[in-house]
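J.: Sending over my_file11.pdb (PDB, C-alpha atoms).
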ATOM      1  CA  MET A 241     -12.646 -24.086  38.877
ATOM      2  CA  LEU A 242     -14.058 -22.254  35.862
ATOM      3  CA  PHE A 243     -15.789 -25.401  34.753
ATOM      4  CA  THR A 244     -17.519 -25.673  38.115
ATOM      5  CA  LYS A 245     -18.735 -22.054  37.974
ATOM      6  CA  TYR A 246     -20.302 -22.585  34.594
ATOM      7  CA  THR A 247     -21.970 -25.798  35.611
ATOM      8  CA  LEU A 248     -23.391 -24.111  38.683
ATOM      9  CA  ILE A 249     -24.609 -21.086  36.746
ATOM     10  CA  LYS A 250     -26.417 -23.087  34.103
ATOM     11  CA  PRO A 251     -28.628 -25.066  36.502
ATOM     12  CA  ASN A 252     -29.402 -21.846  38.421
ATOM     13  CA  ALA A 253     -30.296 -20.055  35.209
ATOM     14  CA  ILE A 254     -32.536 -22.919  34.169
ATOM     15  CA  LEU A 255     -34.143 -23.004  37.594
ATOM     16  CA  ILE A 256     -34.759 -19.248  37.487
ATOM     17  CA  SER A 257     -36.236 -19.495  33.991
ATOM     18  CA  VAL A 258     -38.571 -22.297  35.052
ATOM     19  CA  CYS A 259     -39.660 -20.313  38.122
ATOM     20  CA  ILE A 260     -40.386 -17.223  36.025
ATOM     21  CA  LEU A 261     -42.424 -19.244  33.523
ATOM     22  CA  TRP A 262     -44.323 -20.981  36.330
ATOM     23  CA  MET A 263     -45.070 -17.649  38.038
ATOM     24  CA  ASN A 264     -46.441 -16.192  34.788
ATOM     25  CA  THR A 265     -48.674 -19.230  34.335
ATOM     26  CA  ALA A 266     -49.849 -19.012  37.934
ATOM     27  CA  ILE A 267     -50.565 -15.289  37.645
ATOM     28  CA  SER A 268     -52.556 -15.706  34.430
ATOM     29  CA  SER A 269     -54.588 -18.569  35.891
ATOM     30  CA  ASP A 270     -55.203 -16.507  39.053
ATOM     31  CA  THR A 271     -56.561 -13.693  36.904
ATOM     32  CA  ALA A 272     -59.171 -15.960  35.343
ATOM     33  CA  TYR A 273     -60.099 -17.317  38.771
ATOM     34  CA  LEU A 274     -60.367 -13.838  40.249
ATOM     35  CA  ASP A 275     -62.492 -12.699  37.293
ATOM     36  CA  ALA A 276     -64.847 -15.620  37.893
ATOM     37  CA  LEU A 277     -65.080 -14.757  41.600
ATOM     38  CA  GLU A 278     -65.791 -11.125  40.791
ATOM     39  CA  ALA A 279     -68.540 -12.077  38.335
ATOM     40  CA  GLU A 280     -70.108 -14.366  40.948
ATOM     41  CA  ALA A 281     -70.008 -11.601  43.558
ATOM     42  CA  GLU A 282     -71.655  -9.139  41.172
ATOM     43  CA  SER A 283     -74.417 -11.589  40.315
ATOM     44  CA  SER A 284     -75.156 -12.215  43.996
ATOM     45  CA  GLU A 285     -75.270  -8.445  44.592
ATOM     46  CA  ASN A 286     -77.731  -8.108  41.705
ATOM     47  CA  ILE A 287     -79.922 -10.840  43.177
ATOM     48  CA  GLU A 288     -79.855  -9.179  46.602
ATOM     49  CA  SER A 289     -80.749  -5.774  45.155
ATOM     50  CA  ALA A 290     -83.576  -7.326  43.115
ATOM     51  CA  ASN A 291     -84.943  -9.003  46.251
ATOM     52  CA  GLN A 292     -84.726  -5.694  48.136
ATOM     53  CA  ASN A 293     -86.580  -3.917  45.322
ATOM     54  CA  LYS A 294     -89.339  -6.545  45.424
ATOM     55  CA  LYS A 295     -89.715  -6.075  49.186
ATOM     56  CA  GLU A 296     -89.915  -2.300  48.768
ATOM     57  CA  GLU A 297     -92.494  -2.672  45.986
ATOM     58  CA  LYS A 298     -94.619  -4.925  48.213
ATOM     59  CA  LEU A 299     -94.482  -2.387  51.038
ATOM     60  CA  ASP A 300     -95.275   0.440  48.626
ATOM     61  CA  THR A 301     -98.192  -1.485  47.120
ATOM     62  CA  THR A 302     -99.550  -2.325  50.567
ATOM     63  CA  ALA A 303     -99.341   1.327  51.649
ATOM     64  CA  LYS A 304    -101.042   2.468  48.439
ATOM     65  CA  ASN A 305    -103.830  -0.067  48.912
ATOM     66  CA  LYS A 306    -104.424   1.144  52.464
ATOM     67  CA  GLN A 307    -104.549   4.743  51.268
ATOM     68  CA  LYS A 308    -106.941   3.817  48.472
ATOM     69  CA  VAL A 309    -109.270   1.977  50.846
ATOM     70  CA  GLU A 310    -109.247   4.877  53.301
ATOM     71  CA  PHE A 311    -109.907   7.493  50.612
ATOM     72  CA  GLU A 312    -112.641   5.522  48.863
ATOM     73  CA  ALA A 313    -114.395   4.764  52.156
ATOM     74  CA  ARG A 314    -114.427   8.423  53.130
ATOM     75  CA  LEU A 315    -115.472   9.593  49.665
ATOM     76  CA  SER A 316    -118.306   7.082  49.387
ATOM     77  CA  ASN A 317    -119.594   7.946  52.871
ATOM     78  CA  GLU A 318    -119.367  11.726  52.557
ATOM     79  CA  LEU A 319    -119.947  12.306  48.833
ATOM     80  CA  PRO A 320    -121.660   9.318  47.169
ATOM     81  CA  ALA A 321    -122.372  11.130  43.879
ATOM     82  CA  THR A 322    -118.737  12.236  43.631
ATOM     83  CA  PHE A 323    -117.703   8.656  44.423
ATOM     84  CA  ARG A 324    -119.639   7.439  41.378
ATOM     85  CA  THR A 325    -117.772   9.978  39.254
ATOM     86  CA  TYR A 326    -114.500   8.838  40.816
ATOM     87  CA  LYS A 327    -115.270   5.247  39.790
ATOM     88  CA  MET A 328    -115.428   6.377  36.131
ATOM     89  CA  LEU A 329    -111.808   7.621  36.164
ATOM     90  CA  SER A 330    -108.894   5.605  34.830
ATOM     91  CA  ASP A 331    -106.616   3.878  37.347
ATOM     92  CA  ASN A 332    -103.876   6.481  36.812
ATOM     93  CA  ASP A 333    -106.325   9.333  37.418
ATOM     94  CA  LYS A 334    -107.594   7.599  40.557
ATOM     95  CA  GLU A 335    -104.032   7.340  41.849
ATOM     96  CA  THR A 336    -103.560  11.046  41.150
ATOM     97  CA  VAL A 337    -106.700  11.931  43.118
ATOM     98  CA  ILE A 338    -105.619   9.742  46.043
ATOM     99  CA  ALA A 339    -102.126  11.264  45.992
ATOM    100  CA  THR A 340    -103.687  14.751  46.011
ATOM    101  CA  TYR A 341    -105.809  13.759  48.990
ATOM    102  CA  PHE A 342    -102.862  12.562  51.068
ATOM    103  CA  ASP A 343    -100.414  15.230  49.872
ATOM    104  CA  ASN A 344    -102.839  17.880  51.154
ATOM    105  CA  ASN A 345    -103.310  16.323  54.626
ATOM    106  CA  ARG A 346    -106.512  14.465  53.739
ATOM    107  CA  ASN A 347    -108.158  17.587  52.351
ATOM    108  CA  MET A 348    -111.332  16.387  50.633
ATOM    109  CA  PRO A 349    -112.190  19.641  48.765
ATOM    110  CA  LYS A 350    -108.759  19.721  47.058
ATOM    111  CA  SER A 351    -108.978  16.077  46.099
ATOM    112  CA  THR A 352    -112.504  16.407  44.713
ATOM    113  CA  ARG A 353    -111.383  19.464  42.733
ATOM    114  CA  ALA A 354    -108.568  17.349  41.276
ATOM    115  CA  LEU A 355    -111.071  14.576  40.616
ATOM    116  CA  PHE A 356    -113.405  16.792  38.603
ATOM    117  CA  ASN A 357    -110.488  18.447  36.785
ATOM    118  CA  LEU A 358    -109.391  15.005  35.651
ATOM    119  CA  TYR A 359    -112.951  13.922  34.840
ATOM    120  CA  PHE A 360    -113.585  16.969  32.677
ATOM    121  CA  LYS A 361    -109.964  17.004  31.428
ATOM    122  CA  VAL A 362    -109.329  20.529  32.704
ATOM    123  CA  LYS A 363    -105.665  21.520  32.454
TER     124      LYS A 363
END
Step by step, read the file and then write its structure as structure tokens.
T.:
Amino acid sequence: MLFTKYTLIKPNAILISVCILWMNTAISSDTAYLDALEAEAESSENIESANQNKKEEKLDTTAKNKQKVEFEARLSNELPATFRTYKMLSDNDKETVIATYFDNNRNMPKSTRALFNLYFKVK
């Protein structure tokens, strides 16, 4: 009877050892697979956020162009001499003047004041 117990224990111990080794191998290979899936998910999120940023930039650029056209049309119609001065400003200064115009509810005197301050470099 003792011989039978030992023969039964040894195969069970071997089977348990093999199962433990197989589980460790499976867990370590799952980790690599899960890491690869996570990296793929992050890259797709980055692509989606980049596409969203491009769409927002297009909308922002379109809105800025509309504002620029509106401001320049009004300035050239109402104040042609000031419009010529406006054309001499750098692109950044022009954007500042346009922003001043729309930030102040399309107030032309405030925007022309900003225009001449930028033209004469008044701080």
J.: Can you pull out every residue within 10 Å of region 354-363 of chain A, counting all atoms listed in the file, but drop anything in the same chain fewer than 4 positions away, and send it as a list in words?
T.: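 The filter keeps Thr322, Phe323, Thr325, Tyr326, Met328, Leu329, Ser330, Asp333, Lys334, Thr336, Val337, Ile338, Thr340, Tyr341, Met348, Pro349 and Lys350 of chain A.
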J.: Please compute the CA of Val309 (chain A)-CA of Glu335 (chain A) distance, one decimal, in Å.
T.: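 CA of Glu335 (chain A) lies at a distance of 11.7 Å from CA of Val309 (chain A).
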J.: What's around Arg346 (chain A) at 12 Å? Count all atoms listed in the file, leave out sequence neighbours fewer than 6 positions away in its own chain, and write the answer as a PyMOL selection string.
T.: chain A and resi 307-308+310-312+314-315+337-340+352
J.: Can you tell me, as lines of an AutoDock Vina configuration file, the centre and edge lengths (Å, one decimal) of the axis-aligned box enclosing all of region 295-299 of chain A's listed atoms after padding each side by 6 Å?
T.:
center_x = -92.2
center_y = -4.2
center_z = 48.5
size_x = 16.9
size_y = 15.8
size_z = 17.1
J.: Tell me, in Å to one decimal, how far CA of Lys306 (chain A) is from CA of Asn345 (chain A).
T.: 15.4 Å
J.: Looking at A:Thr271, A:Gln292, A:Ser284, A:Ser351, which one is nearest to Leu319 (chain A), with distances taken over all atoms listed in the file?
T.: A:Ser351
J.: Give me, please, the distance in Å between CA of Lys327 (chain A) and CA of Lys295 (chain A), quoted to one decimal.
T.: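 For CA of Lys327 (chain A) relative to CA of Lys295 (chain A), the distance reads 29.5 Å.
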